[in-house]
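S.K.: If it helps, the file is called my_file_9.cif and holds mmCIF, C-alpha atoms:
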```cif
data_query
#
loop_
_atom_site.label_atom_id
_atom_site.label_comp_id
_atom_site.auth_asym_id
_atom_site.auth_seq_id
_atom_site.Cartn_x
_atom_site.Cartn_y
_atom_site.Cartn_z
CA MET A 20 -10.01 13.82 23.79
CA SER A 21 -7.78 13.63 26.87
CA LYS A 22 -4.02 13.85 26.48
CA ARG A 23 -1.77 10.86 26.99
CA ASP A 24 0.67 10.75 29.85
CA TYR A 25 3.89 12.54 28.79
CA TYR A 26 6.12 9.76 30.09
CA GLU A 27 4.07 7.26 28.11
CA VAL A 28 4.38 9.42 24.99
CA LEU A 29 8.18 9.37 25.23
CA GLY A 30 8.33 5.76 26.38
CA ILE A 31 10.26 6.50 29.58
CA SER A 32 9.76 6.03 33.32
CA LYS A 33 9.04 8.88 35.75
CA GLY A 34 12.54 8.54 37.16
CA ALA A 35 14.27 8.95 33.78
CA SER A 36 17.46 11.01 33.72
CA GLU A 37 18.03 14.06 31.52
CA ALA A 38 20.10 11.98 29.08
CA GLU A 39 17.39 9.32 28.88
CA ILE A 40 14.75 11.97 28.22
CA LYS A 41 16.81 13.51 25.41
CA LYS A 42 17.48 10.12 23.83
CA ALA A 43 13.82 9.12 24.00
CA TYR A 44 12.62 12.39 22.47
CA ARG A 45 15.25 12.26 19.76
CA LYS A 46 14.14 8.75 18.82
CA LYS A 47 10.47 9.76 18.62
CA ALA A 48 11.21 12.93 16.66
CA ILE A 49 13.21 11.01 14.05
CA LYS A 50 10.56 8.32 13.75
CA TYR A 51 7.61 10.68 13.28
CA HIS A 52 9.24 13.61 11.51
CA PRO A 53 6.96 14.84 8.67
CA ASP A 54 9.78 14.67 6.11
CA LYS A 55 10.05 10.94 6.74
CA ASN A 56 6.27 10.48 6.78
CA PRO A 57 4.94 12.64 3.94
CA ASP A 58 1.16 13.13 3.79
CA ASP A 59 0.74 11.29 7.10
CA SER A 60 -1.19 13.52 9.45
CA SER A 61 -1.09 10.97 12.28
CA ALA A 62 2.73 10.95 12.20
CA GLU A 63 2.77 14.77 12.36
CA ASP A 64 0.43 14.69 15.35
CA LYS A 65 2.72 12.22 17.14
CA PHE A 66 5.72 14.41 16.29
CA LYS A 67 4.04 17.40 17.91
CA GLU A 68 2.86 15.29 20.84
CA ALA A 69 6.43 14.16 21.52
CA ALA A 70 7.66 17.78 21.34
CA GLU A 71 4.99 18.84 23.82
CA ALA A 72 5.93 16.03 26.20
CA TYR A 73 9.63 16.84 25.97
CA GLU A 74 9.00 20.55 26.55
CA VAL A 75 7.50 19.65 29.93
CA VAL A 76 9.59 16.75 31.26
CA SER A 77 12.90 18.30 30.17
CA ASN A 78 12.18 21.42 32.24
CA PRO A 79 12.72 20.70 35.98
CA GLU A 80 10.13 23.25 37.13
CA LYS A 81 7.43 22.13 34.69
CA ARG A 82 8.23 18.48 35.28
CA ASN A 83 7.82 18.87 39.03
CA ARG A 84 4.46 20.61 38.55
CA TYR A 85 3.32 17.94 36.10
CA ASP A 86 4.35 15.13 38.46
CA GLN A 87 2.17 16.69 41.19
CA PHE A 88 -0.90 17.83 39.27
CA GLY A 89 -0.73 16.13 35.86
CA HIS A 90 -2.05 17.96 32.80
CA ALA A 91 -4.25 20.16 34.99
CA GLY A 92 -1.15 21.73 36.48
CA MET A 93 0.21 22.83 33.11
CA GLY A 94 -2.42 25.39 32.23
CA GLY A 95 -1.25 26.90 28.95
CA ALA A 96 2.42 26.18 29.52
CA ALA A 97 2.60 23.17 27.31
CA GLY A 98 -0.50 23.28 25.22
CA GLY A 99 0.79 25.34 22.34
CA PHE A 100 2.39 22.64 20.28
CA GLY A 101 -0.77 21.07 19.04
CA GLY A 102 -2.25 24.24 17.61
CA GLY A 103 -0.01 27.25 18.11
CA MET A 104 3.65 26.52 17.44
CA SER A 105 5.00 25.86 13.95
CA MET A 106 7.53 23.20 13.02
CA ASP A 107 10.27 25.85 12.90
CA ASP A 108 9.38 26.84 16.47
CA ILE A 109 9.83 23.26 17.59
CA PHE A 110 13.09 22.84 15.68
CA SER A 111 14.65 26.03 16.96
CA GLN A 112 13.61 25.45 20.58
CA PHE A 113 14.86 21.85 20.76
CA GLY A 114 17.89 22.00 18.48
CA ASP A 115 20.19 21.28 21.40
CA VAL A 116 18.92 17.71 21.53
CA PHE A 117 20.67 17.07 18.20
CA GLY A 118 23.70 19.29 18.61
CA GLY A 119 23.01 21.91 15.92
CA SER A 120 21.20 25.19 15.34
CA ASN A 121 18.49 23.51 13.27
CA PRO A 122 19.71 19.93 13.08
CA PHE A 123 16.54 18.44 11.62
CA GLU A 124 17.57 20.08 8.37
CA SER A 125 20.56 17.77 8.16
CA PHE A 126 18.60 14.66 9.05
CA PHE A 127 15.55 14.82 6.79
CA GLY A 128 14.52 15.67 3.27
CA GLY A 129 16.60 15.55 0.10
CA GLY A 130 19.52 17.53 -1.32
CA GLN A 131 20.38 20.45 0.95
CA ARG A 132 18.22 22.29 3.41
CA GLY A 133 19.39 25.30 5.32
CA GLY A 134 22.85 24.90 3.78
CA GLN A 135 23.43 21.53 5.45
CA ARG A 136 24.07 18.38 3.45
CA VAL A 137 21.66 15.48 3.57
CA ASN A 138 23.08 11.97 3.56
CA ARG A 139 21.04 9.85 1.18
CA GLY A 140 21.43 6.09 1.09
CA ALA A 141 22.17 4.22 -2.12
CA ASN A 142 19.44 2.55 -4.13
CA LEU A 143 19.17 -1.23 -4.00
CA ARG A 144 18.31 -3.54 -6.89
CA VAL A 145 16.63 -6.91 -6.60
CA LYS A 146 15.18 -9.30 -9.16
CA ILE A 147 11.85 -10.99 -8.64
CA LYS A 148 10.55 -13.90 -10.71
CA LEU A 149 6.85 -14.17 -11.53
CA THR A 150 4.69 -16.78 -13.22
CA LEU A 151 2.10 -15.78 -15.81
CA GLU A 152 -0.58 -16.72 -13.28
CA GLU A 153 0.89 -14.17 -10.85
CA VAL A 154 1.07 -11.57 -13.61
CA ALA A 155 -2.60 -12.15 -14.41
CA ALA A 156 -3.84 -11.71 -10.85
CA GLY A 157 -1.23 -9.43 -9.28
CA VAL A 158 0.64 -10.76 -6.27
CA GLU A 159 2.09 -9.81 -2.90
CA LYS A 160 5.68 -10.95 -2.33
CA ASN A 161 7.62 -10.88 0.93
CA ILE A 162 11.36 -10.75 0.30
CA LYS A 163 14.39 -10.57 2.57
CA VAL A 164 16.90 -7.87 1.69
CA ASN A 165 20.34 -7.44 3.24
CA LYS A 166 20.97 -3.71 3.40
CA TYR A 167 22.14 -0.80 5.52
CA VAL A 168 19.69 0.12 8.28
CA GLY A 169 19.83 2.65 11.09
CA CYS A 170 22.00 1.66 14.04
CA GLU A 171 19.80 0.93 17.06
CA THR A 172 22.57 1.60 19.58
CA CYS A 173 22.85 5.28 18.68
CA ASP A 174 19.44 5.68 17.00
CA GLY A 175 21.23 6.22 13.69
CA SER A 176 23.16 9.31 14.78
CA GLY A 177 26.62 7.71 14.83
CA ALA A 178 27.30 9.39 18.16
CA GLU A 179 27.62 7.66 21.52
CA GLY A 180 24.88 9.08 23.76
CA GLY A 181 24.08 11.84 21.27
CA SER A 182 27.49 13.49 21.77
CA PHE A 183 27.56 16.14 19.02
CA SER A 184 29.23 19.49 18.81
CA SER A 185 28.62 22.29 16.37
CA CYS A 186 31.24 22.51 13.63
CA GLN A 187 33.73 25.25 14.47
CA MET A 188 34.59 26.04 10.87
CA CYS A 189 31.05 26.71 9.60
CA ASN A 190 29.35 27.42 12.95
CA GLY A 191 26.81 24.71 12.29
CA SER A 192 25.64 25.99 8.91
CA GLY A 193 27.32 23.29 6.81
CA ARG A 194 28.57 25.96 4.37
CA VAL A 195 31.60 28.19 4.31
CA THR A 196 31.80 31.55 2.59
CA ARG A 197 34.95 32.88 0.96
CA ILE A 198 35.59 36.38 -0.33
CA ALA A 199 38.15 36.87 -3.10
CA ASN A 200 39.36 40.18 -4.49
CA THR A 201 39.34 40.33 -8.28
CA ILE A 202 39.68 43.04 -10.89
CA LEU A 203 35.90 43.23 -10.87
CA GLY A 204 35.77 43.72 -7.12
CA SER A 205 35.11 41.40 -4.23
CA MET A 206 33.55 38.04 -5.16
CA GLN A 207 31.79 35.94 -2.55
CA THR A 208 31.43 32.18 -2.98
CA ALA A 209 29.81 29.55 -0.77
CA SER A 210 30.74 25.89 -0.67
CA THR A 211 30.28 22.76 1.45
CA CYS A 212 32.23 22.91 4.69
CA PRO A 213 35.31 20.68 4.31
CA SER A 214 35.51 20.03 8.05
CA CYS A 215 32.06 18.53 8.68
CA GLY A 216 31.24 17.53 5.10
CA GLY A 217 28.24 19.86 5.08
CA GLU A 218 26.50 18.30 8.08
CA GLY A 219 27.00 21.31 10.34
CA GLN A 220 28.12 19.24 13.29
CA THR A 221 30.78 16.77 14.34
CA ILE A 222 30.62 13.68 16.53
CA THR A 223 32.38 13.95 19.87
CA ASP A 224 32.31 10.23 20.74
CA LYS A 225 31.64 7.71 17.97
CA CYS A 226 29.21 4.86 18.52
CA ASN A 227 31.00 1.57 19.19
CA THR A 228 28.51 -0.41 17.11
CA CYS A 229 28.47 1.55 13.83
CA PHE A 230 31.78 3.43 14.38
CA GLY A 231 30.18 6.79 13.69
CA ASP A 232 28.36 5.90 10.46
CA GLY A 233 24.92 5.55 12.02
CA ILE A 234 24.19 2.52 9.82
CA VAL A 235 24.83 -1.21 10.03
CA LYS A 236 24.17 -4.17 7.72
CA ASP A 237 21.10 -6.22 8.55
CA ASP A 238 18.29 -8.21 6.93
CA GLU A 239 14.90 -6.62 6.45
CA ARG A 240 11.64 -8.21 5.33
CA ILE A 241 9.96 -6.09 2.70
CA LYS A 242 6.44 -6.56 1.35
CA LEU A 243 6.11 -5.92 -2.37
CA GLU A 244 2.74 -5.29 -4.00
CA ILE A 245 3.16 -6.36 -7.63
CA PRO A 246 0.30 -5.05 -9.80
CA ALA A 247 -1.38 -7.24 -12.40
CA GLY A 248 -0.15 -6.89 -15.97
CA VAL A 249 3.56 -6.22 -15.35
CA GLU A 250 5.92 -7.10 -18.18
CA ASP A 251 9.29 -8.80 -18.43
CA ASP A 252 12.28 -6.53 -17.62
CA MET A 253 9.99 -3.88 -16.14
CA GLN A 254 11.41 -1.99 -13.17
CA LEU A 255 9.31 -1.06 -10.17
CA SER A 256 10.51 1.44 -7.58
CA VAL A 257 9.70 1.20 -3.86
CA THR A 258 10.46 4.57 -2.27
CA GLY A 259 12.53 4.61 0.89
CA LYS A 260 13.26 0.87 1.02
CA GLY A 261 16.89 1.05 -0.15
CA ASN A 262 19.98 1.61 1.99
CA MET A 263 19.62 4.03 4.88
CA GLY A 264 21.75 7.15 4.60
CA PRO A 265 24.55 7.66 7.15
CA ARG A 266 23.79 9.52 10.38
CA ASN A 267 20.01 9.71 10.14
CA GLY A 268 19.98 10.45 6.46
CA VAL A 269 17.17 9.43 4.16
CA ALA A 270 16.91 5.98 2.65
CA GLY A 271 17.40 5.28 -1.03
CA ASP A 272 14.87 3.37 -3.12
CA LEU A 273 14.46 -0.32 -3.79
CA ILE A 274 14.46 -1.02 -7.54
CA VAL A 275 12.65 -4.25 -8.39
CA LEU A 276 13.46 -5.87 -11.75
CA VAL A 277 10.66 -8.14 -12.96
CA GLU A 278 11.47 -11.42 -14.68
CA ILE A 279 8.55 -13.37 -16.15
CA LEU A 280 9.06 -17.12 -16.09
CA GLU A 281 8.30 -19.08 -19.25
CA HIS A 282 4.95 -20.83 -19.21
CA PRO A 283 5.01 -24.49 -20.30
CA GLN A 284 2.10 -24.05 -22.73
CA LEU A 285 1.23 -20.39 -23.23
CA LYS A 286 3.21 -17.64 -24.95
CA ARG A 287 2.77 -13.95 -24.24
CA ASP A 288 2.48 -11.07 -26.70
CA ASN A 289 1.73 -7.85 -24.79
CA ASN A 290 -1.62 -8.59 -23.13
CA ASN A 291 -2.56 -11.46 -25.45
CA LEU A 292 -1.68 -15.11 -24.94
CA PHE A 293 -1.05 -17.72 -27.65
CA TYR A 294 -1.55 -21.45 -27.53
CA ASP A 295 -0.60 -23.96 -30.26
CA LEU A 296 -3.31 -26.60 -30.55
CA TYR A 297 -2.37 -29.70 -32.54
CA LEU A 298 -5.33 -31.51 -34.12
CA HIS A 299 -5.53 -34.82 -35.89
CA PHE A 300 -6.55 -34.11 -39.49
CA SER A 301 -9.69 -36.23 -39.10
CA ASP A 302 -10.74 -34.03 -36.12
CA ALA A 303 -10.07 -30.93 -38.19
CA ALA A 304 -12.16 -32.36 -41.04
CA LEU A 305 -15.04 -33.73 -38.98
CA GLY A 306 -15.04 -31.11 -36.23
CA THR A 307 -14.70 -31.85 -32.56
CA ALA A 308 -14.72 -30.36 -29.06
CA THR A 309 -11.55 -30.14 -27.00
CA GLU A 310 -10.01 -28.33 -24.06
CA VAL A 311 -7.27 -25.74 -24.05
CA PRO A 312 -5.29 -24.37 -21.07
CA THR A 313 -5.88 -20.85 -19.75
CA LEU A 314 -4.42 -19.04 -16.75
CA GLN A 315 -7.69 -19.69 -14.93
CA GLY A 316 -7.92 -23.41 -15.75
CA LYS A 317 -9.16 -25.45 -18.70
CA ALA A 318 -11.56 -23.98 -21.27
CA LYS A 319 -13.63 -26.05 -23.73
CA ILE A 320 -13.70 -24.94 -27.36
CA LYS A 321 -15.50 -26.22 -30.44
CA ILE A 322 -13.61 -27.03 -33.63
CA GLY A 323 -15.79 -26.59 -36.70
CA GLU A 324 -15.85 -29.02 -39.65
CA GLY A 325 -13.15 -28.39 -42.22
CA THR A 326 -10.95 -26.26 -39.95
CA GLN A 327 -7.69 -25.46 -41.68
CA SER A 328 -4.20 -25.40 -40.20
CA GLY A 329 -3.24 -21.85 -39.27
CA THR A 330 -6.75 -20.90 -38.18
CA LEU A 331 -6.82 -18.61 -35.11
CA LEU A 332 -9.59 -19.01 -32.58
CA ARG A 333 -10.06 -16.14 -30.15
CA LEU A 334 -11.12 -16.58 -26.52
CA LYS A 335 -12.18 -13.11 -25.50
CA GLY A 336 -10.82 -11.83 -22.17
CA LYS A 337 -8.71 -14.93 -21.42
CA GLY A 338 -5.43 -13.06 -21.75
CA LEU A 339 -3.64 -10.69 -19.34
CA PRO A 340 -4.98 -7.48 -17.82
CA SER A 341 -3.57 -4.13 -18.85
CA LEU A 342 -1.15 -2.64 -16.33
CA SER A 343 -3.20 0.57 -16.43
CA GLY A 344 -6.24 -1.39 -15.27
CA TYR A 345 -8.20 -0.82 -18.47
CA GLY A 346 -8.89 -3.72 -20.76
CA GLN A 347 -8.06 -7.40 -20.90
CA GLY A 348 -6.14 -9.34 -23.52
CA ASP A 349 -7.38 -12.45 -25.34
CA LEU A 350 -6.22 -16.04 -25.69
CA LEU A 351 -5.51 -16.88 -29.33
CA VAL A 352 -5.55 -20.57 -30.19
CA ASN A 353 -3.45 -21.40 -33.25
CA ILE A 354 -4.70 -24.54 -35.02
CA ASN A 355 -2.03 -26.92 -36.28
CA VAL A 356 -3.31 -29.94 -38.23
CA TRP A 357 -1.07 -32.83 -37.38
CA THR A 358 -0.02 -35.28 -40.10
CA PRO A 359 0.29 -38.88 -38.82
CA GLN A 360 3.63 -40.66 -39.21
CA ASN A 361 4.74 -44.30 -39.24
CA LEU A 362 1.51 -45.53 -40.79
CA SER A 363 0.65 -49.21 -40.84
CA LYS A 364 0.04 -51.05 -44.14
CA GLU A 365 -3.68 -50.96 -43.57
CA GLU A 366 -3.63 -47.21 -42.89
CA LYS A 367 -1.53 -46.57 -45.99
CA LYS A 368 -3.95 -48.56 -48.17
CA ALA A 369 -6.86 -46.57 -46.78
CA LEU A 370 -5.12 -43.28 -47.63
CA GLU A 371 -4.13 -44.53 -51.10
CA LYS A 372 -7.81 -45.02 -51.88
CA LEU A 373 -8.45 -41.42 -50.87
CA ARG A 374 -5.54 -39.90 -52.81
CA SER A 375 -7.60 -39.43 -55.96
CA SER A 376 -10.68 -38.17 -54.14
CA GLU A 377 -11.61 -34.56 -54.91
CA ASN A 378 -12.15 -33.99 -51.19
CA PHE A 379 -8.43 -34.63 -50.52
CA LYS A 380 -7.37 -31.91 -52.93
CA PRO A 381 -7.01 -28.27 -51.84
CA SER A 382 -10.25 -27.15 -53.47
CA PRO A 383 -13.92 -26.81 -52.47
CA ALA A 384 -15.51 -30.20 -52.18
CA LYS A 385 -18.63 -31.96 -51.08
CA ASP A 386 -19.19 -33.16 -47.58
CA GLN A 387 -17.51 -36.52 -46.95
CA LYS A 388 -18.39 -36.70 -43.29
CA GLY A 389 -19.57 -40.30 -43.37
CA PHE A 390 -16.29 -41.52 -44.80
CA PHE A 391 -14.19 -39.47 -42.34
CA GLU A 392 -16.11 -40.87 -39.43
CA LYS A 393 -14.93 -44.32 -40.51
CA MET A 394 -11.36 -43.21 -41.15
CA HIS A 395 -11.29 -41.42 -37.82
CA GLN A 396 -10.93 -44.73 -35.99
CA TYR A 397 -7.63 -45.54 -37.78
CA PHE A 398 -5.84 -42.51 -36.45
CA LYS A 399 -7.03 -42.22 -32.89
#
```
Kindly present the structure from the file in structure tokens form.

M.R.:
Amino acid sequence: MSKRDYYEVLGISKGASEAEIKKAYRKKAIKYHPDKNPDDSSAEDKFKEAAEAYEVVSNPEKRNRYDQFGHAGMGGAAGGFGGGMSMDDIFSQFGDVFGGSNPFESFFGGGQRGGQRVNRGANLRVKIKLTLEEVAAGVEKNIKVNKYVGCETCDGSGAEGGSFSSCQMCNGSGRVTRIANTILGSMQTASTCPSCGGEGQTITDKCNTCFGDGIVKDDERIKLEIPAGVEDDMQLSVTGKGNMGPRNGVAGDLIVLVEILEHPQLKRDNNNLFYDLYLHFSDAALGTATEVPTLQGKAKIKIGEGTQSGTLLRLKGKGLPSLSGYGQGDLLVNINVWTPQNLSKEEKKALEKLRSSENFKPSPAKDQKGFFEKMHQYFK
């Protein structure tokens, strides 16, 4: 596959100045650095491609030859980055672009690398409200978050035009070593450099937009993939979507707190759902067919003759999916036999006649279906 034009790779014109070339390469290197794009081979390839392009156009002799003959004029001068040079080779050769001996160590990764401190942004917390229908299916949410992002004016460095200088106290290492004489002999201790705060470098001219912090407040649209089966008060973590760390640090995480909205008809218990179905006692005695709500729409169920209050009917698989992806809860329908109120005189007389019937006592009885079919009309 043929190589892309080096100026196109860096996003600059052929007449770009040395400062413009440095700024363009710095921007690309930060964007595609492997520490910021873990397990992304395409980002690593672009990182190396940018280093190869910079190695040529930043060198007056090589740039002149490239401008005349293109890639054919380079021979082996610039082809080593894709397959020969390691990341450390790239870092050490182009450290001057960032103003340190190995400045990528202070911009990427976590904790401390090479003795230099990494600035990590704070985590952010947001709350997201979900319906049971969204919990059942899983949902994609796009939210707007106001947070600290990298300053575009200085590409997140905090320095105007990339104006860094190596820290004089620690010589760019970010650590200072002290030797103290004790009764046990000389003791050597290392600590974070108090002058540069462990970054190994200082800003010569601060950016007028972010005032040297490398971060500014702005809104960002973030897409959240909420899996099916999440529970109330569960916390989901989105790596790298929190506040950006100062001066090209790493971003914190976005912590998403899940709040499940109350459903008007259904109650949740783990992966099962419950529904209270109120039946007229004549329907419970005679049996009937009715509909109950589910998260997928209405479902028709059959009520058998003589169904008692407190009976649970199970609709298999009509509950919520397991968060692990294995199994599905059920919908449990709790039967409540409703007792009519405010009866008319005629209705009361009809019930008085039935008071002494064996079938109206809590004991096994013979089928009185014919009579209930008549009484059913009174209580519709």

S.K.: Please report the interatomic distance between CA of Tyr26 (chain A) and CA of Tyr73 (chain A) in Å with one decimal.

M.R.: 8.9 Å

S.K.: Need to verify the contact set: Gln347 (chain A), 10 Å, all atoms listed in the file, exclusion of same-chain residues closer than 5 positions in sequence. Can you return it as number ranges by chain?

M.R.: A: 155, 248, 290-291, 335-342

S.K.: Quote the spacing between CA of His90 (chain A) and CA of Val75 (chain A) in Å to one decimal place.

M.R.: 10.1 Å

S.K.: If we count only C-alpha atoms and set the cut-off at 6 Å, which residues sit around Gly231 (chain A), ignoring sequence neighbours fewer than 5 positions away in its own chain? Please answer as a VMD selection string.

M.R.: chain A and resid 177 to 178 225 to 226

S.K.: Please, what distance in Å, to one decimal, runs between CA of Ile40 (chain A) and CA of Gly175 (chain A)?

M.R.: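 It comes out at 16.9 Å.
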
S.K.: Using all atoms listed in the file, which residue out of A:Gln254, A:Cys189, A:Asn227, A:Glu68 lies closest to Pro213 (chain A)?

M.R.: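 Smallest distance to Pro213 (chain A) is found for A:Cys189.
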
S.K.: For Gln327 (chain A), work out the shell of residues within 10 Å, counting all atoms listed in the file and skipping chain neighbours fewer than 6 positions away, then give it as a PDB file with C-alpha atoms, keeping the file's coordinate frame.

M.R.:
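result-v4.pdb written:
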```
ATOM      1  CA  LEU A 298      -5.330 -31.510 -34.120  1.00  0.00           C
ATOM      2  CA  PHE A 300      -6.550 -34.110 -39.490  1.00  0.00           C
ATOM      3  CA  ALA A 303     -10.070 -30.930 -38.190  1.00  0.00           C
ATOM      4  CA  ALA A 304     -12.160 -32.360 -41.040  1.00  0.00           C
ATOM      5  CA  ILE A 354      -4.700 -24.540 -35.020  1.00  0.00           C
ATOM      6  CA  ASN A 355      -2.030 -26.920 -36.280  1.00  0.00           C
ATOM      7  CA  VAL A 356      -3.310 -29.940 -38.230  1.00  0.00           C
TER       8      VAL A 356
END
```

S.K.: Here is a test: counting all atoms listed in the file, which residue of A:Met188, A:Ala35, A:Ile49, A:Leu149 is nearest to Val76 (chain A)?

M.R.: A:Ala35

S.K.: Would you write out, as a list in words, every residue that the PyMOL selection byres ((chain A and resi 286) around 12) captures in this file?

M.R.: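 When the PyMOL selection byres ((chain A and resi 286) around 12) is applied, the selected residues are Thr150, Leu151, Ile279, Leu280, Glu281, His282, Pro283, Gln284, Leu285, Arg287, Asp288, Asn289, Asn290, Asn291, Leu292, Phe293, Tyr294, Asp295, Pro312, Thr313, Leu314, Gly338, Leu339, Asp349, Leu350, Leu351, Val352 and Asn353 of chain A.
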
S.K.: Evaluate the PyMOL selection byres ((chain A and resi 167-170) around 9) on the structure here and hand back the selected residues as a PDB file with C-alpha atoms, in the frame of the given file.

M.R.:
```pdb
ATOM      1  CA  GLY A 140      21.430   6.090   1.090  1.00  0.00           C
ATOM      2  CA  ASN A 165      20.340  -7.440   3.240  1.00  0.00           C
ATOM      3  CA  LYS A 166      20.970  -3.710   3.400  1.00  0.00           C
ATOM      4  CA  GLU A 171      19.800   0.930  17.060  1.00  0.00           C
ATOM      5  CA  THR A 172      22.570   1.600  19.580  1.00  0.00           C
ATOM      6  CA  CYS A 173      22.850   5.280  18.680  1.00  0.00           C
ATOM      7  CA  ASP A 174      19.440   5.680  17.000  1.00  0.00           C
ATOM      8  CA  GLY A 175      21.230   6.220  13.690  1.00  0.00           C
ATOM      9  CA  SER A 176      23.160   9.310  14.780  1.00  0.00           C
ATOM     10  CA  GLY A 177      26.620   7.710  14.830  1.00  0.00           C
ATOM     11  CA  THR A 228      28.510  -0.410  17.110  1.00  0.00           C
ATOM     12  CA  CYS A 229      28.470   1.550  13.830  1.00  0.00           C
ATOM     13  CA  ASP A 232      28.360   5.900  10.460  1.00  0.00           C
ATOM     14  CA  GLY A 233      24.920   5.550  12.020  1.00  0.00           C
ATOM     15  CA  ILE A 234      24.190   2.520   9.820  1.00  0.00           C
ATOM     16  CA  VAL A 235      24.830  -1.210  10.030  1.00  0.00           C
ATOM     17  CA  LYS A 236      24.170  -4.170   7.720  1.00  0.00           C
ATOM     18  CA  ASP A 237      21.100  -6.220   8.550  1.00  0.00           C
ATOM     19  CA  ASP A 238      18.290  -8.210   6.930  1.00  0.00           C
ATOM     20  CA  GLU A 239      14.900  -6.620   6.450  1.00  0.00           C
ATOM     21  CA  GLY A 261      16.890   1.050  -0.150  1.00  0.00           C
ATOM     22  CA  ASN A 262      19.980   1.610   1.990  1.00  0.00           C
ATOM     23  CA  MET A 263      19.620   4.030   4.880  1.00  0.00           C
ATOM     24  CA  GLY A 264      21.750   7.150   4.600  1.00  0.00           C
ATOM     25  CA  PRO A 265      24.550   7.660   7.150  1.00  0.00           C
ATOM     26  CA  ARG A 266      23.790   9.520  10.380  1.00  0.00           C
ATOM     27  CA  ASN A 267      20.010   9.710  10.140  1.00  0.00           C
ATOM     28  CA  ALA A 270      16.910   5.980   2.650  1.00  0.00           C
TER      29      ALA A 270
END
```

S.K.: Produce region 183-194 of chain A of the given structure as output with N, CA, C and O atoms, as a compact mmCIF listing (two decimals), in the first residue's frame.

M.R.:
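The result, written out as decode.txt:
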```txt
# COMPACT_ATOMS: atom_id res chain seq x y z
N PHE A 183 7.92 25.40 26.35
CA PHE A 183 8.33 24.70 27.57
C PHE A 183 9.84 24.83 27.78
O PHE A 183 10.60 25.04 26.83
N SER A 184 10.22 24.68 29.01
CA SER A 184 11.65 24.54 29.31
C SER A 184 11.80 23.46 30.37
O SER A 184 10.92 23.26 31.20
N SER A 185 12.91 22.75 30.28
CA SER A 185 13.16 21.68 31.24
C SER A 185 13.37 22.27 32.63
O SER A 185 14.01 23.32 32.80
N CYS A 186 12.80 21.61 33.63
CA CYS A 186 12.92 22.09 35.00
C CYS A 186 14.39 22.09 35.44
O CYS A 186 15.09 21.07 35.30
N GLN A 187 14.83 23.21 35.96
CA GLN A 187 16.24 23.34 36.36
C GLN A 187 16.55 22.56 37.63
O GLN A 187 17.67 22.09 37.81
N MET A 188 15.56 22.41 38.49
CA MET A 188 15.83 21.75 39.77
C MET A 188 16.01 20.25 39.61
O MET A 188 16.91 19.64 40.20
N CYS A 189 15.16 19.62 38.77
CA CYS A 189 15.22 18.16 38.63
C CYS A 189 15.78 17.73 37.29
O CYS A 189 15.82 16.52 37.00
N ASN A 190 16.18 18.68 36.45
CA ASN A 190 16.73 18.40 35.12
C ASN A 190 15.77 17.58 34.26
O ASN A 190 16.19 16.71 33.48
N GLY A 191 14.49 17.85 34.45
CA GLY A 191 13.49 17.20 33.60
C GLY A 191 13.02 15.84 34.07
O GLY A 191 12.18 15.22 33.43
N SER A 192 13.55 15.36 35.20
CA SER A 192 13.17 14.01 35.65
C SER A 192 11.88 14.01 36.45
O SER A 192 11.22 12.98 36.58
N GLY A 193 11.50 15.15 37.02
CA GLY A 193 10.31 15.21 37.87
C GLY A 193 10.55 14.75 39.29
O GLY A 193 9.64 14.80 40.13
N ARG A 194 11.77 14.28 39.59
CA ARG A 194 12.11 13.79 40.94
C ARG A 194 13.41 14.43 41.39
O ARG A 194 14.31 14.71 40.58
```
